[in-house]
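Some notes on the structure that comes next.
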Amino acid sequence: ERQRAGKVRHSILHVDIDLTTGALAAGPFATAHDASLSLKLDQEGIRVSDLKARLFGGALTGLFELKNNDGTGLFSGQMKLAGADLSALLPNAGLSGSGDVSTALSTSGKSVDAMAAALSGSGTATLRGLTIAGVNPDAFPAFVEKADSIGRDIDAAKTAGFAPEIAANGNFAAKDTEIAFTVAGGTLRAPPISLDNPAATLSADVTANLNASTVSAKGA
């Protein structure tokens, strides 16, 4: 962290800090910018409120609390990220557009790794202007046309020769959608998602391993 300005109020057992900083690192996951927050530290633990920052091109707000219960860390928090750039939030995923994400999370454990592995909660994500690169919404008519040109000799091997190229030759622009998700054991899961385009509908099951910072999707 690089602290630019702050006010500190403290006693033997209690510290209050109003902090403004140019960069605020959230461990290995991300770095927020232009952050401000209020921090309270006492015998019970640490409480952060009025958190405001820029993250992934969007506005981050939130609060969280971390307590020490006889050597076991207890964490709870609420966060909202509004107007995030999807290409920054999920790099190398071929996504563009913007999104809002809100979540409430909690966990406990005797180490940071144990707490990350036990993370649980729920939330919602709203996606706007979503475009998925390399997914052709008009693939089906092209499949049929190509198969007709081959005629009766069409088989699985010939289909495999042309289908992948056609399927990837385009971009899938989806209507705005809202996704509810849950987090359990450090893994985010969403029910089957339907993304609509005038030419086609794409469905997918999405999971994210928050410990490994990986996202996987299986769709049709």
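Chain labels A, B, ... are given in the sequence in which chains occur in the structure tokens; within each chain residues are numbered consecutively from 1, and ligands are likewise numbered from 1 in the order shown.
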
Query raised in the report: If you count only C-alpha atoms, which residues fall within 12 Å of Ser38 in chain A, apart from same-chain ones fewer than 6 positions away, as number ranges by chain?
Result: A: 6-9, 15-21, 46-52, 62-65

Selected residues, N, CA and C atoms, written as a CSV table (one decimal), in the first residue's frame, please.
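The file below, out.csv, is the result:
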```csv
chain,number,residue,atom,x,y,z
A,6,GLY,N,-4.1,10.3,5.8
A,6,GLY,CA,-4.9,9.5,6.7
A,6,GLY,C,-5.0,10.2,8.1
A,7,LYS,N,-6.0,9.9,8.8
A,7,LYS,CA,-6.2,10.4,10.2
A,7,LYS,C,-6.2,9.2,11.1
A,8,VAL,N,-5.4,9.3,12.2
A,8,VAL,CA,-5.3,8.1,13.1
A,8,VAL,C,-5.7,8.6,14.5
A,9,ARG,N,-6.6,7.8,15.1
A,9,ARG,CA,-7.0,8.0,16.5
A,9,ARG,C,-6.8,6.7,17.2
A,15,VAL,N,-7.7,1.4,17.9
A,15,VAL,CA,-7.2,2.3,16.9
A,15,VAL,C,-8.2,2.5,15.8
A,16,ASP,N,-8.4,3.8,15.4
A,16,ASP,CA,-9.3,4.2,14.3
A,16,ASP,C,-8.4,4.8,13.3
A,17,ILE,N,-8.6,4.4,12.0
A,17,ILE,CA,-7.8,5.0,10.9
A,17,ILE,C,-8.7,5.3,9.8
A,18,ASP,N,-8.7,6.6,9.3
A,18,ASP,CA,-9.3,6.9,8.0
A,18,ASP,C,-8.2,7.0,7.0
A,19,LEU,N,-8.2,6.2,6.0
A,19,LEU,CA,-7.1,6.0,5.1
A,19,LEU,C,-7.5,6.3,3.7
A,20,THR,N,-6.6,7.0,3.0
A,20,THR,CA,-6.7,7.2,1.5
A,20,THR,C,-5.4,6.8,0.9
A,21,THR,N,-5.4,5.9,-0.1
A,21,THR,CA,-4.2,5.3,-0.7
A,21,THR,C,-4.3,5.2,-2.2
A,46,ILE,N,-10.3,-6.7,13.4
A,46,ILE,CA,-10.2,-5.6,12.5
A,46,ILE,C,-11.5,-5.4,11.8
A,47,ARG,N,-12.0,-4.2,11.7
A,47,ARG,CA,-13.2,-3.9,10.9
A,47,ARG,C,-12.9,-2.8,9.9
A,48,VAL,N,-13.3,-3.1,8.7
A,48,VAL,CA,-13.1,-2.1,7.6
A,48,VAL,C,-14.5,-1.7,7.1
A,49,SER,N,-14.8,-0.4,7.0
A,49,SER,CA,-16.1,0.1,6.5
A,49,SER,C,-15.8,1.2,5.6
A,50,ASP,N,-16.9,1.6,4.8
A,50,ASP,CA,-16.8,2.7,3.9
A,50,ASP,C,-15.7,2.5,2.9
A,51,LEU,N,-15.4,1.3,2.5
A,51,LEU,CA,-14.4,1.0,1.5
A,51,LEU,C,-14.9,1.5,0.1
A,52,LYS,N,-14.1,2.3,-0.6
A,52,LYS,CA,-14.4,2.8,-1.9
A,52,LYS,C,-13.1,2.7,-2.7
A,62,GLY,N,-17.6,-1.6,-0.2
A,62,GLY,CA,-17.8,-2.7,0.7
A,62,GLY,C,-17.4,-2.5,2.1
A,63,LEU,N,-17.5,-3.6,2.9
A,63,LEU,CA,-17.1,-3.6,4.3
A,63,LEU,C,-16.8,-5.0,4.7
A,64,PHE,N,-15.9,-5.2,5.7
A,64,PHE,CA,-15.6,-6.5,6.1
A,64,PHE,C,-15.0,-6.5,7.5
A,65,GLU,N,-15.1,-7.7,8.2
A,65,GLU,CA,-14.6,-7.8,9.6
A,65,GLU,C,-13.8,-9.1,9.7
```

How close does each residue of range 51-108 of chain A get to range 184-196 of chain A, giving the shortest atom pair and distance in Å to one decimal for every residue with an atom at most 12 Å away, counting only C-alpha atoms, sorted by chain and residue number, as a Markdown table?
```
| residue | atom | partner | partner_atom | distance |
| --- | --- | --- | --- | --- |
| A:Thr103 | CA | A:Leu188 | CA | 11.1 |
| A:Leu105 | CA | A:Ala184 | CA | 9.7 |
| A:Ser106 | CA | A:Ala184 | CA | 9.9 |
| A:Thr107 | CA | A:Gly185 | CA | 9.1 |
| A:Ser108 | CA | A:Gly185 | CA | 11.0 |
```

Query raised in the report: Do you have the CA of Leu39 in chain A-CA of Thr124 in chain A distance handy?
Result: 26.6 Å

Would you mind listing what lies within 9 Å of range 160-165 of chain A as an mmCIF file with C-alpha atoms, in the first residue's frame, with only C-alpha atoms counted and same-chain residues fewer than 4 positions away left out?
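So around-v9.cif came out as:
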```cif
data_model
loop_
_atom_site.group_PDB
_atom_site.id
_atom_site.type_symbol
_atom_site.label_atom_id
_atom_site.label_comp_id
_atom_site.auth_asym_id
_atom_site.auth_seq_id
_atom_site.Cartn_x
_atom_site.Cartn_y
_atom_site.Cartn_z
ATOM 1 C CA ALA A 139 -23.156 -21.584 -37.074
ATOM 2 C CA ALA A 142 -23.639 -22.899 -42.073
ATOM 3 C CA PHE A 143 -23.345 -26.468 -40.748
ATOM 4 C CA LYS A 146 -21.801 -27.464 -45.687
ATOM 5 C CA ASP A 155 -20.005 -38.694 -41.632
ATOM 6 C CA ALA A 156 -18.515 -37.833 -38.240
ATOM 7 C CA ASN A 169 -15.949 -17.938 -36.970
#
```

Requested in this report: Please report, as a count of residues only, each residue of range 120-174 of chain A to which DSSP assigns strand (DSSP E or B) when run on this structure's backbone.
Outcome: 17

Requested in this report: Show which residues sit within 10 Å of Thr131 in chain A, as a PyMOL selection string. Count only C-alpha atoms, and ignore same-chain residues fewer than 3 positions away.
Outcome: chain A and resi 86+94-98+127-128+134-135+171-175

Could those residues be written to a file, using N, CA and C atoms, as a CSV table (one decimal), in the first residue's frame?
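Written file, result_37.csv:
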```
chain,number,residue,atom,x,y,z
A,86,LEU,N,-15.3,-6.4,-18.2
A,86,LEU,CA,-15.3,-7.9,-18.2
A,86,LEU,C,-13.9,-8.4,-18.8
A,94,GLY,N,-11.9,-14.1,-23.6
A,94,GLY,CA,-12.6,-13.8,-24.8
A,94,GLY,C,-13.9,-13.0,-24.6
A,95,LEU,N,-14.0,-12.4,-23.4
A,95,LEU,CA,-15.2,-11.7,-23.1
A,95,LEU,C,-15.0,-10.2,-23.1
A,96,SER,N,-16.0,-9.5,-23.6
A,96,SER,CA,-16.1,-8.0,-23.5
A,96,SER,C,-17.4,-7.6,-23.0
A,97,GLY,N,-17.5,-6.4,-22.5
A,97,GLY,CA,-18.7,-5.8,-22.0
A,97,GLY,C,-18.5,-5.3,-20.6
A,98,SER,N,-19.5,-5.1,-19.8
A,98,SER,CA,-19.4,-4.6,-18.5
A,98,SER,C,-20.3,-5.4,-17.5
A,127,LEU,N,-24.6,-8.8,-16.3
A,127,LEU,CA,-23.8,-8.6,-17.4
A,127,LEU,C,-24.5,-7.8,-18.5
A,128,ARG,N,-23.7,-6.8,-19.0
A,128,ARG,CA,-24.3,-5.9,-20.0
A,128,ARG,C,-23.4,-5.8,-21.2
A,134,GLY,N,-15.1,-15.7,-30.7
A,134,GLY,CA,-14.9,-17.1,-31.2
A,134,GLY,C,-16.1,-18.0,-31.0
A,135,VAL,N,-17.3,-17.4,-30.9
A,135,VAL,CA,-18.5,-18.3,-30.8
A,135,VAL,C,-19.5,-17.7,-31.9
A,171,ASN,N,-18.6,-13.8,-33.4
A,171,ASN,CA,-18.7,-13.3,-32.0
A,171,ASN,C,-20.1,-13.4,-31.6
A,172,PHE,N,-20.4,-13.9,-30.4
A,172,PHE,CA,-21.7,-14.0,-29.8
A,172,PHE,C,-22.1,-12.8,-29.0
A,173,ALA,N,-22.9,-12.0,-29.5
A,173,ALA,CA,-23.4,-10.8,-28.7
A,173,ALA,C,-24.7,-11.2,-28.0
A,174,ALA,N,-24.6,-11.2,-26.6
A,174,ALA,CA,-25.7,-11.7,-25.8
A,174,ALA,C,-26.5,-10.6,-25.3
A,175,LYS,N,-27.8,-10.8,-25.0
A,175,LYS,CA,-28.7,-9.9,-24.3
A,175,LYS,C,-28.2,-9.7,-22.9
```

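Using only C-alpha atoms, the contacts of His14 in chain A at a cut-off of 9 Å, with sequence neighbours closer than 6 positions omitted, comprise Lys40, Leu41, Asp42 and Gln43 of chain A.
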